[in-house]
There are 2 protein chains.
Amino acid sequence: MSDQKPARANEAVVDLRPATDAQLRFIGVIRTPWVTRDLCPRQGAEDGPECRLVLDPVWQPALAGLEDYERIEVLYWLDRSRRDLVTQSPKGDGKTLGTFALRSPVRPNPIGTSVVRLVGIEGAEVIVRGLDCLDGTPLLDIKPERGSFTPKAPPKPGVA
Amino acid sequence: MSDQKPARANEAVVDLRPATDAQLRFIGVIRTPWVTRDLCPRQGAEDGPECRLVLDPVWQPALAGLEDYERIEVLYWLDRSRRDLVTQSPKGDGKTLGTFALRSPVRPNPIGTSVVRLVGIEGAEVIVRGLDCLDGTPLLDIKPERGSFTPKAPPKPGVA
């Protein structure tokens, strides 16, 4: 579903090339307290309300070991965002910035990435604090936070 | 393209549901020194070699303002990865972990996220240090690093 808001006069739009064949598969849905976009905070806070990552049950075994991490990275699909803005005017004041200089949800591939605090795991549901997305946002991935993760596979020959 | 490596006996596989209609659009390609997967480091280092994010020229204006950031987040598509492992045995030692407790490229949506150091911008090419992906990896997105970015839009009514 595309955002209905038209581009501002000082924003630039690109003709999107056809989509490639890289297909995402939604692995679940995110439950948050925010049911309209106007109610979503601009940035999540670790003392914000609890949110739930509700996995499709086939993925429940993929959570094994996640409980060892205090902070996790969550990827999700911002399915209401338009995707064709090259420049944007976030303040609406006539000043524009490039899309890649912003963390706006409006981007060619509207993938949200957040680092959140892991509160607990209940079956196929992961409880976290620190998200800022709409209730019902499709879930793409969960990983340990970069900074607290150490590769588990042995080092490779020839690589420092 | 799917990874040809078969699952190990102690790894679990899921029957993937059909892909949804969330389509990614590749916005460019990443040039790195690593031409086979065996040569890629397990984790990028900020003193590692320079790599180039080569954008499709239509996206060049979207870089405006990115030069203000020392560290940027890069998203890319790990197009060689199989996507159906629910648990994995990264060390090959019989011990398994859930896919979501690992940062392995093998995951339902193989999106790589890295925080890298911005070295410079030349036209539609962004030079960075800190990546660990294969040469030719499709590029999905570039954003300012979470920690150094402040929302540019005005605060919303009713949101702290």
# chains A, B, ... in the order shown; residues from 1 in each chain; ligands from 1

$ select_by_dssp --residues "segment 2-153 of chain A" --states "strand (DSSP E)" --output "JSON, numbers by chain"
{"A": [28, 29, 30, 31, 50, 51, 52, 53, 54, 55, 71, 72, 73, 74, 75, 76, 77, 87, 88, 97, 98, 111, 112, 113, 114, 115, 116, 117, 118, 119, 120, 121, 122, 125, 126, 127, 128, 129, 137, 138, 139, 140, 141, 142, 143, 144]}

$ write_last_selection --atoms "N, CA and C atoms" --output "tab-separated table (two decimals), in the first residue's frame"
chain	number	residue	atom	x	y	z
A	28	GLY	N	6.31	-12.75	10.59
A	28	GLY	CA	5.41	-12.50	11.71
A	28	GLY	C	4.95	-11.07	11.65
A	29	VAL	N	4.43	-10.59	12.78
A	29	VAL	CA	3.87	-9.25	12.82
A	29	VAL	C	4.28	-8.61	14.14
A	30	ILE	N	4.39	-7.29	14.14
A	30	ILE	CA	4.78	-6.57	15.35
A	30	ILE	C	3.55	-5.92	15.97
A	31	ARG	N	3.37	-6.18	17.26
A	31	ARG	CA	2.26	-5.56	18.00
A	31	ARG	C	2.79	-4.41	18.84
A	50	GLU	N	6.19	-1.85	26.25
A	50	GLU	CA	6.48	-3.17	25.71
A	50	GLU	C	5.77	-3.37	24.38
A	51	CYS	N	6.50	-3.98	23.46
A	51	CYS	CA	5.93	-4.35	22.16
A	51	CYS	C	6.20	-5.85	21.99
A	52	ARG	N	5.44	-6.48	21.10
A	52	ARG	CA	5.59	-7.92	20.90
A	52	ARG	C	5.89	-8.25	19.44
A	53	LEU	N	6.93	-9.05	19.25
A	53	LEU	CA	7.23	-9.61	17.93
A	53	LEU	C	6.54	-10.97	17.89
A	54	VAL	N	5.45	-11.06	17.14
A	54	VAL	CA	4.66	-12.29	17.12
A	54	VAL	C	5.05	-13.09	15.87
A	55	LEU	N	5.83	-14.15	16.09
A	55	LEU	CA	6.35	-14.94	14.97
A	55	LEU	C	5.31	-15.92	14.45
A	71	ARG	N	20.24	-7.01	24.17
A	71	ARG	CA	19.80	-6.09	23.13
A	71	ARG	C	19.82	-6.83	21.79
A	72	ILE	N	18.76	-6.65	21.03
A	72	ILE	CA	18.63	-7.35	19.76
A	72	ILE	C	18.27	-6.35	18.66
A	73	GLU	N	18.58	-6.76	17.43
A	73	GLU	CA	18.26	-5.92	16.27
A	73	GLU	C	17.00	-6.50	15.62
A	74	VAL	N	16.06	-5.62	15.30
A	74	VAL	CA	14.80	-6.04	14.68
A	74	VAL	C	14.68	-5.36	13.33
A	75	LEU	N	14.34	-6.15	12.31
A	75	LEU	CA	14.11	-5.60	10.97
A	75	LEU	C	12.64	-5.78	10.61
A	76	TYR	N	12.05	-4.77	10.00
A	76	TYR	CA	10.63	-4.84	9.67
A	76	TYR	C	10.37	-4.05	8.40
A	77	TRP	N	9.19	-4.24	7.86
A	77	TRP	CA	8.84	-3.68	6.56
A	77	TRP	C	7.82	-2.57	6.74
A	87	THR	N	14.78	13.06	-2.78
A	87	THR	CA	15.07	14.06	-1.75
A	87	THR	C	13.78	14.30	-0.98
A	88	GLN	N	13.94	14.77	0.26
A	88	GLN	CA	12.78	14.96	1.12
A	88	GLN	C	12.94	16.24	1.93
A	97	LEU	N	16.79	17.37	1.99
A	97	LEU	CA	17.95	16.51	2.22
A	97	LEU	C	17.76	15.26	1.37
A	98	GLY	N	18.86	14.61	1.04
A	98	GLY	CA	18.76	13.35	0.32
A	98	GLY	C	18.14	12.27	1.21
A	111	ILE	N	12.85	-0.59	4.79
A	111	ILE	CA	13.19	-1.56	5.84
A	111	ILE	C	13.56	-0.78	7.09
A	112	GLY	N	12.84	-0.99	8.17
A	112	GLY	CA	13.19	-0.38	9.44
A	112	GLY	C	14.17	-1.26	10.18
A	113	THR	N	15.19	-0.64	10.79
A	113	THR	CA	16.12	-1.39	11.64
A	113	THR	C	16.14	-0.70	13.00
A	114	SER	N	15.91	-1.45	14.06
A	114	SER	CA	15.95	-0.89	15.41
A	114	SER	C	16.74	-1.81	16.31
A	115	VAL	N	17.47	-1.21	17.24
A	115	VAL	CA	18.09	-1.99	18.30
A	115	VAL	C	17.21	-1.79	19.54
A	116	VAL	N	16.76	-2.90	20.11
A	116	VAL	CA	15.78	-2.82	21.20
A	116	VAL	C	16.25	-3.67	22.37
A	117	ARG	N	15.61	-3.44	23.52
A	117	ARG	CA	15.94	-4.22	24.71
A	117	ARG	C	15.05	-5.45	24.76
A	118	LEU	N	15.67	-6.60	24.96
A	118	LEU	CA	14.90	-7.85	25.07
A	118	LEU	C	14.35	-7.98	26.48
A	119	VAL	N	13.02	-8.04	26.58
A	119	VAL	CA	12.37	-8.16	27.89
A	119	VAL	C	12.11	-9.62	28.21
A	120	GLY	N	11.70	-10.40	27.23
A	120	GLY	CA	11.43	-11.81	27.49
A	120	GLY	C	10.94	-12.51	26.24
A	121	ILE	N	10.89	-13.83	26.32
A	121	ILE	CA	10.39	-14.65	25.21
A	121	ILE	C	9.31	-15.56	25.76
A	122	GLU	N	8.14	-15.56	25.12
A	122	GLU	CA	7.03	-16.43	25.54
A	122	GLU	C	6.57	-17.20	24.32
A	125	GLU	N	6.56	-15.60	20.84
A	125	GLU	CA	6.47	-14.15	20.96
A	125	GLU	C	7.66	-13.59	21.72
A	126	VAL	N	8.25	-12.55	21.16
A	126	VAL	CA	9.41	-11.90	21.77
A	126	VAL	C	8.97	-10.53	22.25
A	127	ILE	N	9.18	-10.25	23.54
A	127	ILE	CA	8.74	-8.98	24.13
A	127	ILE	C	9.96	-8.06	24.21
A	128	VAL	N	9.79	-6.85	23.69
A	128	VAL	CA	10.91	-5.90	23.62
A	128	VAL	C	10.43	-4.50	24.01
A	129	ARG	N	11.40	-3.63	24.31
A	129	ARG	CA	11.13	-2.20	24.47
A	129	ARG	C	12.07	-1.42	23.55
A	137	THR	N	2.88	-3.92	11.87
A	137	THR	CA	4.00	-3.86	10.93
A	137	THR	C	4.55	-5.27	10.67
A	138	PRO	N	4.75	-5.65	9.40
A	138	PRO	CA	5.30	-6.98	9.11
A	138	PRO	C	6.75	-7.12	9.59
A	139	LEU	N	7.03	-8.27	10.21
A	139	LEU	CA	8.36	-8.55	10.77
A	139	LEU	C	9.22	-9.26	9.72
A	140	LEU	N	10.47	-8.84	9.59
A	140	LEU	CA	11.39	-9.44	8.61
A	140	LEU	C	12.49	-10.28	9.25
A	141	ASP	N	13.02	-9.82	10.40
A	141	ASP	CA	14.18	-10.53	10.94
A	141	ASP	C	14.43	-10.09	12.38
A	142	ILE	N	15.12	-10.96	13.11
A	142	ILE	CA	15.60	-10.70	14.47
A	142	ILE	C	17.03	-11.21	14.51
A	143	LYS	N	17.97	-10.41	15.06
A	143	LYS	CA	19.35	-10.87	15.22
A	143	LYS	C	19.92	-10.30	16.51
A	144	PRO	N	20.94	-10.95	17.07
A	144	PRO	CA	21.63	-10.34	18.20
A	144	PRO	C	22.20	-8.99	17.75

$ closest_atom_pairs --of "segment 21-122 of chain B" --to "segment 60-64 of chain A" --cutoff "12 Å" --atoms "only C-alpha atoms" --output "CSV"
residue,atom,partner,partner_atom,distance
B:Asp84,CA,A:Ala62,CA,10.6
B:Leu85,CA,A:Ala62,CA,8.3
B:Val86,CA,A:Ala62,CA,4.8
B:Thr87,CA,A:Ala62,CA,5.5
B:Gln88,CA,A:Ala62,CA,8.7
B:Ser89,CA,A:Ala62,CA,11.9
B:Lys95,CA,A:Ala64,CA,11.4
B:Thr96,CA,A:Ala64,CA,8.6
B:Leu97,CA,A:Ala64,CA,5.7
B:Gly98,CA,A:Ala62,CA,3.7
B:Thr99,CA,A:Ala62,CA,4.8
B:Phe100,CA,A:Ala62,CA,5.4
B:Ala101,CA,A:Leu63,CA,6.2
B:Leu102,CA,A:Ala62,CA,9.3
B:Val106,CA,A:Ala62,CA,11.7
B:Arg107,CA,A:Ala62,CA,9.5
B:Pro108,CA,A:Ala62,CA,10.2

$ calpha_fit_and_write --fixed "chain B" --moving "chain A" --output "compact mmCIF listing (two decimals) with C-alpha atoms, in the first residue's frame"
# COMPACT_ATOMS: atom_id res chain seq x y z
CA MET A 1 20.47 -18.11 -6.35
CA SER A 2 20.33 -20.55 -3.50
CA ASP A 3 23.30 -21.81 -1.59
CA GLN A 4 24.10 -25.35 -2.71
CA LYS A 5 25.37 -26.51 0.68
CA PRO A 6 22.95 -29.07 2.13
CA ALA A 7 21.67 -28.69 5.68
CA ARG A 8 23.61 -30.66 8.25
CA ALA A 9 21.87 -33.61 9.90
CA ASN A 10 21.43 -31.65 13.14
CA GLU A 11 20.11 -28.50 11.47
CA ALA A 12 16.41 -27.93 10.99
CA VAL A 13 14.73 -26.78 7.81
CA VAL A 14 11.31 -25.20 7.38
CA ASP A 15 8.99 -25.42 4.38
CA LEU A 16 8.96 -21.81 3.25
CA ARG A 17 5.59 -20.19 2.80
CA PRO A 18 5.09 -18.49 -0.56
CA ALA A 19 6.87 -15.17 -0.83
CA THR A 20 4.72 -12.17 -0.08
CA ASP A 21 4.43 -9.29 -2.49
CA ALA A 22 6.98 -7.12 -0.73
CA GLN A 23 9.50 -6.57 -3.49
CA LEU A 24 12.93 -5.18 -3.01
CA ARG A 25 14.54 -2.92 -5.56
CA PHE A 26 18.30 -3.04 -5.79
CA ILE A 27 19.65 0.52 -5.80
CA GLY A 28 23.20 -0.36 -6.76
CA VAL A 29 26.01 -2.80 -6.13
CA ILE A 30 28.78 -3.11 -3.55
CA ARG A 31 32.37 -3.42 -4.71
CA THR A 32 34.66 -5.18 -2.22
CA PRO A 33 38.02 -6.97 -2.50
CA TRP A 34 36.42 -10.36 -1.71
CA VAL A 35 35.43 -12.42 -4.74
CA THR A 36 34.60 -15.73 -3.05
CA ARG A 37 32.76 -16.33 0.18
CA ASP A 38 35.74 -18.09 1.74
CA LEU A 39 37.73 -14.88 1.44
CA CYS A 40 35.17 -12.64 3.18
CA PRO A 41 36.00 -11.76 6.79
CA ARG A 42 33.43 -12.87 9.36
CA GLN A 43 32.98 -9.32 10.59
CA GLY A 44 34.00 -6.07 8.94
CA ALA A 45 36.59 -3.84 10.63
CA GLU A 46 36.76 -0.07 10.45
CA ASP A 47 40.43 -0.31 9.56
CA GLY A 48 39.62 -2.82 6.81
CA PRO A 49 40.02 -2.11 3.10
CA GLU A 50 38.02 0.53 1.26
CA CYS A 51 34.83 -0.70 -0.37
CA ARG A 52 32.54 1.18 -2.76
CA LEU A 53 28.76 1.49 -2.75
CA VAL A 54 28.08 2.08 -6.45
CA LEU A 55 24.61 3.58 -6.79
CA ASP A 56 22.36 3.49 -9.81
CA PRO A 57 22.83 7.13 -10.97
CA VAL A 58 19.12 7.95 -10.50
CA TRP A 59 19.75 7.78 -6.74
CA GLN A 60 22.75 10.14 -6.67
CA PRO A 61 20.72 13.16 -5.41
CA ALA A 62 19.62 11.03 -2.45
CA LEU A 63 23.17 11.32 -1.06
CA ALA A 64 22.82 15.06 -0.34
CA GLY A 65 23.68 15.63 3.31
CA LEU A 66 25.15 12.18 3.92
CA GLU A 67 28.64 13.70 4.01
CA ASP A 68 27.85 15.14 7.46
CA TYR A 69 28.00 11.68 9.01
CA GLU A 70 31.14 9.81 10.02
CA ARG A 71 29.40 6.49 10.36
CA ILE A 72 26.58 5.18 8.21
CA GLU A 73 24.39 2.10 8.13
CA VAL A 74 24.41 0.00 4.95
CA LEU A 75 21.77 -2.59 4.05
CA TYR A 76 22.37 -5.20 1.36
CA TRP A 77 20.95 -8.42 0.02
CA LEU A 78 22.93 -11.61 0.65
CA ASP A 79 21.83 -13.17 -2.60
CA ARG A 80 23.77 -16.42 -2.26
CA SER A 81 22.20 -17.49 1.02
CA ARG A 82 19.73 -20.28 1.53
CA ARG A 83 16.71 -19.06 3.46
CA ASP A 84 15.07 -22.06 5.05
CA LEU A 85 17.28 -22.95 8.06
CA VAL A 86 15.46 -22.55 11.37
CA THR A 87 18.40 -23.79 13.43
CA GLN A 88 22.05 -23.82 12.45
CA SER A 89 25.28 -25.39 13.58
CA PRO A 90 27.83 -22.70 12.78
CA LYS A 91 30.81 -24.60 14.19
CA GLY A 92 29.74 -27.91 12.66
CA ASP A 93 30.25 -29.49 16.08
CA GLY A 94 26.75 -30.85 16.56
CA LYS A 95 25.63 -27.90 18.71
CA THR A 96 22.80 -25.89 17.18
CA LEU A 97 21.48 -22.40 17.74
CA GLY A 98 18.37 -20.73 16.43
CA THR A 99 18.80 -18.64 13.29
CA PHE A 100 17.62 -15.52 15.16
CA ALA A 101 20.37 -16.01 17.78
CA LEU A 102 23.01 -15.71 15.04
CA ARG A 103 24.15 -13.04 12.61
CA SER A 104 24.73 -15.70 9.96
CA PRO A 105 23.85 -14.71 6.36
CA VAL A 106 21.56 -17.74 6.26
CA ARG A 107 18.15 -16.40 7.39
CA PRO A 108 14.59 -16.11 6.07
CA ASN A 109 15.26 -12.63 4.69
CA PRO A 110 19.00 -12.44 4.05
CA ILE A 111 19.43 -8.72 4.66
CA GLY A 112 22.88 -7.68 5.85
CA THR A 113 23.14 -4.61 8.07
CA SER A 114 26.54 -3.04 8.77
CA VAL A 115 27.66 0.16 10.40
CA VAL A 116 30.67 1.45 8.49
CA ARG A 117 32.98 4.44 8.41
CA LEU A 118 32.30 6.96 5.65
CA VAL A 119 35.54 7.72 3.82
CA GLY A 120 34.17 9.88 1.01
CA ILE A 121 31.60 10.40 -1.71
CA GLU A 122 32.54 10.61 -5.41
CA GLY A 123 29.54 11.25 -7.64
CA ALA A 124 27.21 8.27 -7.23
CA GLU A 125 29.84 6.23 -5.35
CA VAL A 126 30.19 6.11 -1.58
CA ILE A 127 33.55 4.93 -0.21
CA VAL A 128 33.45 3.17 3.16
CA ARG A 129 35.49 0.94 5.45
CA GLY A 130 34.07 -1.84 7.62
CA LEU A 131 32.14 -4.10 5.25
CA ASP A 132 32.56 -7.87 5.03
CA CYS A 133 30.38 -8.86 2.06
CA LEU A 134 31.17 -10.37 -1.33
CA ASP A 135 32.06 -8.23 -4.31
CA GLY A 136 28.90 -7.69 -6.36
CA THR A 137 26.45 -7.81 -3.43
CA PRO A 138 23.22 -5.94 -4.30
CA LEU A 139 22.77 -2.70 -2.34
CA LEU A 140 19.42 -2.01 -0.63
CA ASP A 141 19.81 1.13 1.46
CA ILE A 142 22.12 3.69 3.09
CA LYS A 143 21.16 5.68 6.23
CA PRO A 144 22.93 7.75 8.86
CA GLU A 145 23.94 5.60 11.82
CA ARG A 146 21.19 5.44 14.41
CA GLY A 147 23.30 6.83 17.26
CA SER A 148 24.46 9.94 15.44
CA PHE A 149 21.13 10.83 13.80
CA THR A 150 18.54 13.19 15.27
CA PRO A 151 15.05 13.26 13.73
CA LYS A 152 14.72 16.26 11.45
CA ALA A 153 10.94 16.58 11.49
CA PRO A 154 9.23 18.53 14.29
CA PRO A 155 8.05 16.58 17.34
CA LYS A 156 4.54 15.18 17.10
CA PRO A 157 1.69 16.36 19.28
CA GLY A 158 1.05 14.03 22.16
CA VAL A 159 4.34 12.15 21.85
CA ALA A 160 7.01 12.58 24.51

$ select_by_dssp --residues "chain A" --states "helix (DSSP H, G or I)" --output "PDB file with N, CA, C and O atoms, in the first residue's frame"
ATOM      1  N   ARG A  37      -0.184   6.424  12.283  1.00  0.00           N
ATOM      2  CA  ARG A  37       1.184   6.902  12.158  1.00  0.00           C
ATOM      3  C   ARG A  37       1.450   8.155  12.977  1.00  0.00           C
ATOM      4  O   ARG A  37       2.556   8.366  13.464  1.00  0.00           O
ATOM      5  N   ASP A  38       0.416   8.980  13.147  1.00  0.00           N
ATOM      6  CA  ASP A  38       0.606  10.208  13.925  1.00  0.00           C
ATOM      7  C   ASP A  38       0.941   9.908  15.382  1.00  0.00           C
ATOM      8  O   ASP A  38       1.532  10.744  16.071  1.00  0.00           O
ATOM      9  N   LEU A  39       0.552   8.742  15.855  1.00  0.00           N
ATOM     10  CA  LEU A  39       0.796   8.404  17.258  1.00  0.00           C
ATOM     11  C   LEU A  39       2.166   7.769  17.485  1.00  0.00           C
ATOM     12  O   LEU A  39       2.630   7.694  18.626  1.00  0.00           O
ATOM     13  N   PRO A  57       4.441 -19.454  13.893  1.00  0.00           N
ATOM     14  CA  PRO A  57       4.959 -20.532  14.762  1.00  0.00           C
ATOM     15  C   PRO A  57       6.044 -21.402  14.117  1.00  0.00           C
ATOM     16  O   PRO A  57       6.865 -21.967  14.838  1.00  0.00           O
ATOM     17  N   VAL A  58       6.093 -21.496  12.792  1.00  0.00           N
ATOM     18  CA  VAL A  58       7.151 -22.328  12.184  1.00  0.00           C
ATOM     19  C   VAL A  58       8.540 -21.804  12.544  1.00  0.00           C
ATOM     20  O   VAL A  58       9.525 -22.545  12.495  1.00  0.00           O
ATOM     21  N   TRP A  59       8.641 -20.521  12.896  1.00  0.00           N
ATOM     22  CA  TRP A  59       9.958 -19.946  13.197  1.00  0.00           C
ATOM     23  C   TRP A  59      10.316 -19.992  14.686  1.00  0.00           C
ATOM     24  O   TRP A  59      11.405 -19.553  15.068  1.00  0.00           O
ATOM     25  N   GLN A  60       9.430 -20.537  15.524  1.00  0.00           N
ATOM     26  CA  GLN A  60       9.720 -20.522  16.958  1.00  0.00           C
ATOM     27  C   GLN A  60      11.076 -21.162  17.319  1.00  0.00           C
ATOM     28  O   GLN A  60      11.822 -20.606  18.132  1.00  0.00           O
ATOM     29  N   PRO A  61      11.443 -22.312  16.706  1.00  0.00           N
ATOM     30  CA  PRO A  61      12.748 -22.899  17.079  1.00  0.00           C
ATOM     31  C   PRO A  61      13.940 -22.007  16.737  1.00  0.00           C
ATOM     32  O   PRO A  61      15.035 -22.185  17.276  1.00  0.00           O
ATOM     33  N   ALA A  62      13.734 -21.033  15.865  1.00  0.00           N
ATOM     34  CA  ALA A  62      14.831 -20.138  15.476  1.00  0.00           C
ATOM     35  C   ALA A  62      15.185 -19.154  16.582  1.00  0.00           C
ATOM     36  O   ALA A  62      16.167 -18.422  16.484  1.00  0.00           O
ATOM     37  N   LEU A  63      14.385 -19.132  17.669  1.00  0.00           N
ATOM     38  CA  LEU A  63      14.673 -18.234  18.798  1.00  0.00           C
ATOM     39  C   LEU A  63      15.674 -18.831  19.783  1.00  0.00           C
ATOM     40  O   LEU A  63      16.150 -18.129  20.678  1.00  0.00           O
ATOM     41  N   LEU A  66      18.525 -16.919  21.700  1.00  0.00           N
ATOM     42  CA  LEU A  66      18.351 -15.457  21.662  1.00  0.00           C
ATOM     43  C   LEU A  66      18.266 -14.873  23.074  1.00  0.00           C
ATOM     44  O   LEU A  66      18.651 -13.724  23.310  1.00  0.00           O
ATOM     45  N   GLU A  67      17.794 -15.696  24.018  1.00  0.00           N
ATOM     46  CA  GLU A  67      17.606 -15.210  25.393  1.00  0.00           C
ATOM     47  C   GLU A  67      18.918 -14.778  26.057  1.00  0.00           C
ATOM     48  O   GLU A  67      18.909 -14.101  27.078  1.00  0.00           O
ATOM     49  N   ASP A  68      20.052 -15.158  25.468  1.00  0.00           N
ATOM     50  CA  ASP A  68      21.346 -14.749  26.030  1.00  0.00           C
ATOM     51  C   ASP A  68      21.683 -13.281  25.773  1.00  0.00           C
ATOM     52  O   ASP A  68      22.684 -12.780  26.294  1.00  0.00           O
ATOM     53  N   THR A  99      17.418  11.365   0.587  1.00  0.00           N
ATOM     54  CA  THR A  99      16.783  10.268   1.324  1.00  0.00           C
ATOM     55  C   THR A  99      17.804   9.467   2.136  1.00  0.00           C
ATOM     56  O   THR A  99      17.521   9.047   3.259  1.00  0.00           O
ATOM     57  N   PHE A 100      19.021   9.286   1.584  1.00  0.00           N
ATOM     58  CA  PHE A 100      20.011   8.466   2.295  1.00  0.00           C
ATOM     59  C   PHE A 100      20.686   9.225   3.443  1.00  0.00           C
ATOM     60  O   PHE A 100      21.464   8.636   4.192  1.00  0.00           O
ATOM     61  N   ALA A 101      20.395  10.520   3.579  1.00  0.00           N
ATOM     62  CA  ALA A 101      20.897  11.297   4.715  1.00  0.00           C
ATOM     63  C   ALA A 101      19.842  11.386   5.819  1.00  0.00           C
ATOM     64  O   ALA A 101      19.998  12.148   6.761  1.00  0.00           O
ATOM     65  N   ARG A 146      24.706  -6.218  16.922  1.00  0.00           N
ATOM     66  CA  ARG A 146      26.053  -6.302  16.358  1.00  0.00           C
ATOM     67  C   ARG A 146      27.130  -6.249  17.437  1.00  0.00           C
ATOM     68  O   ARG A 146      28.023  -7.082  17.502  1.00  0.00           O
ATOM     69  N   GLY A 147      27.042  -5.255  18.334  1.00  0.00           N
ATOM     70  CA  GLY A 147      28.105  -5.013  19.297  1.00  0.00           C
ATOM     71  C   GLY A 147      28.287  -6.122  20.313  1.00  0.00           C
ATOM     72  O   GLY A 147      29.374  -6.311  20.847  1.00  0.00           O
ATOM     73  N   SER A 148      27.222  -6.868  20.593  1.00  0.00           N
ATOM     74  CA  SER A 148      27.332  -7.879  21.643  1.00  0.00           C
ATOM     75  C   SER A 148      27.497  -9.285  21.068  1.00  0.00           C
ATOM     76  O   SER A 148      27.599 -10.252  21.814  1.00  0.00           O
TER      77      SER A 148
END
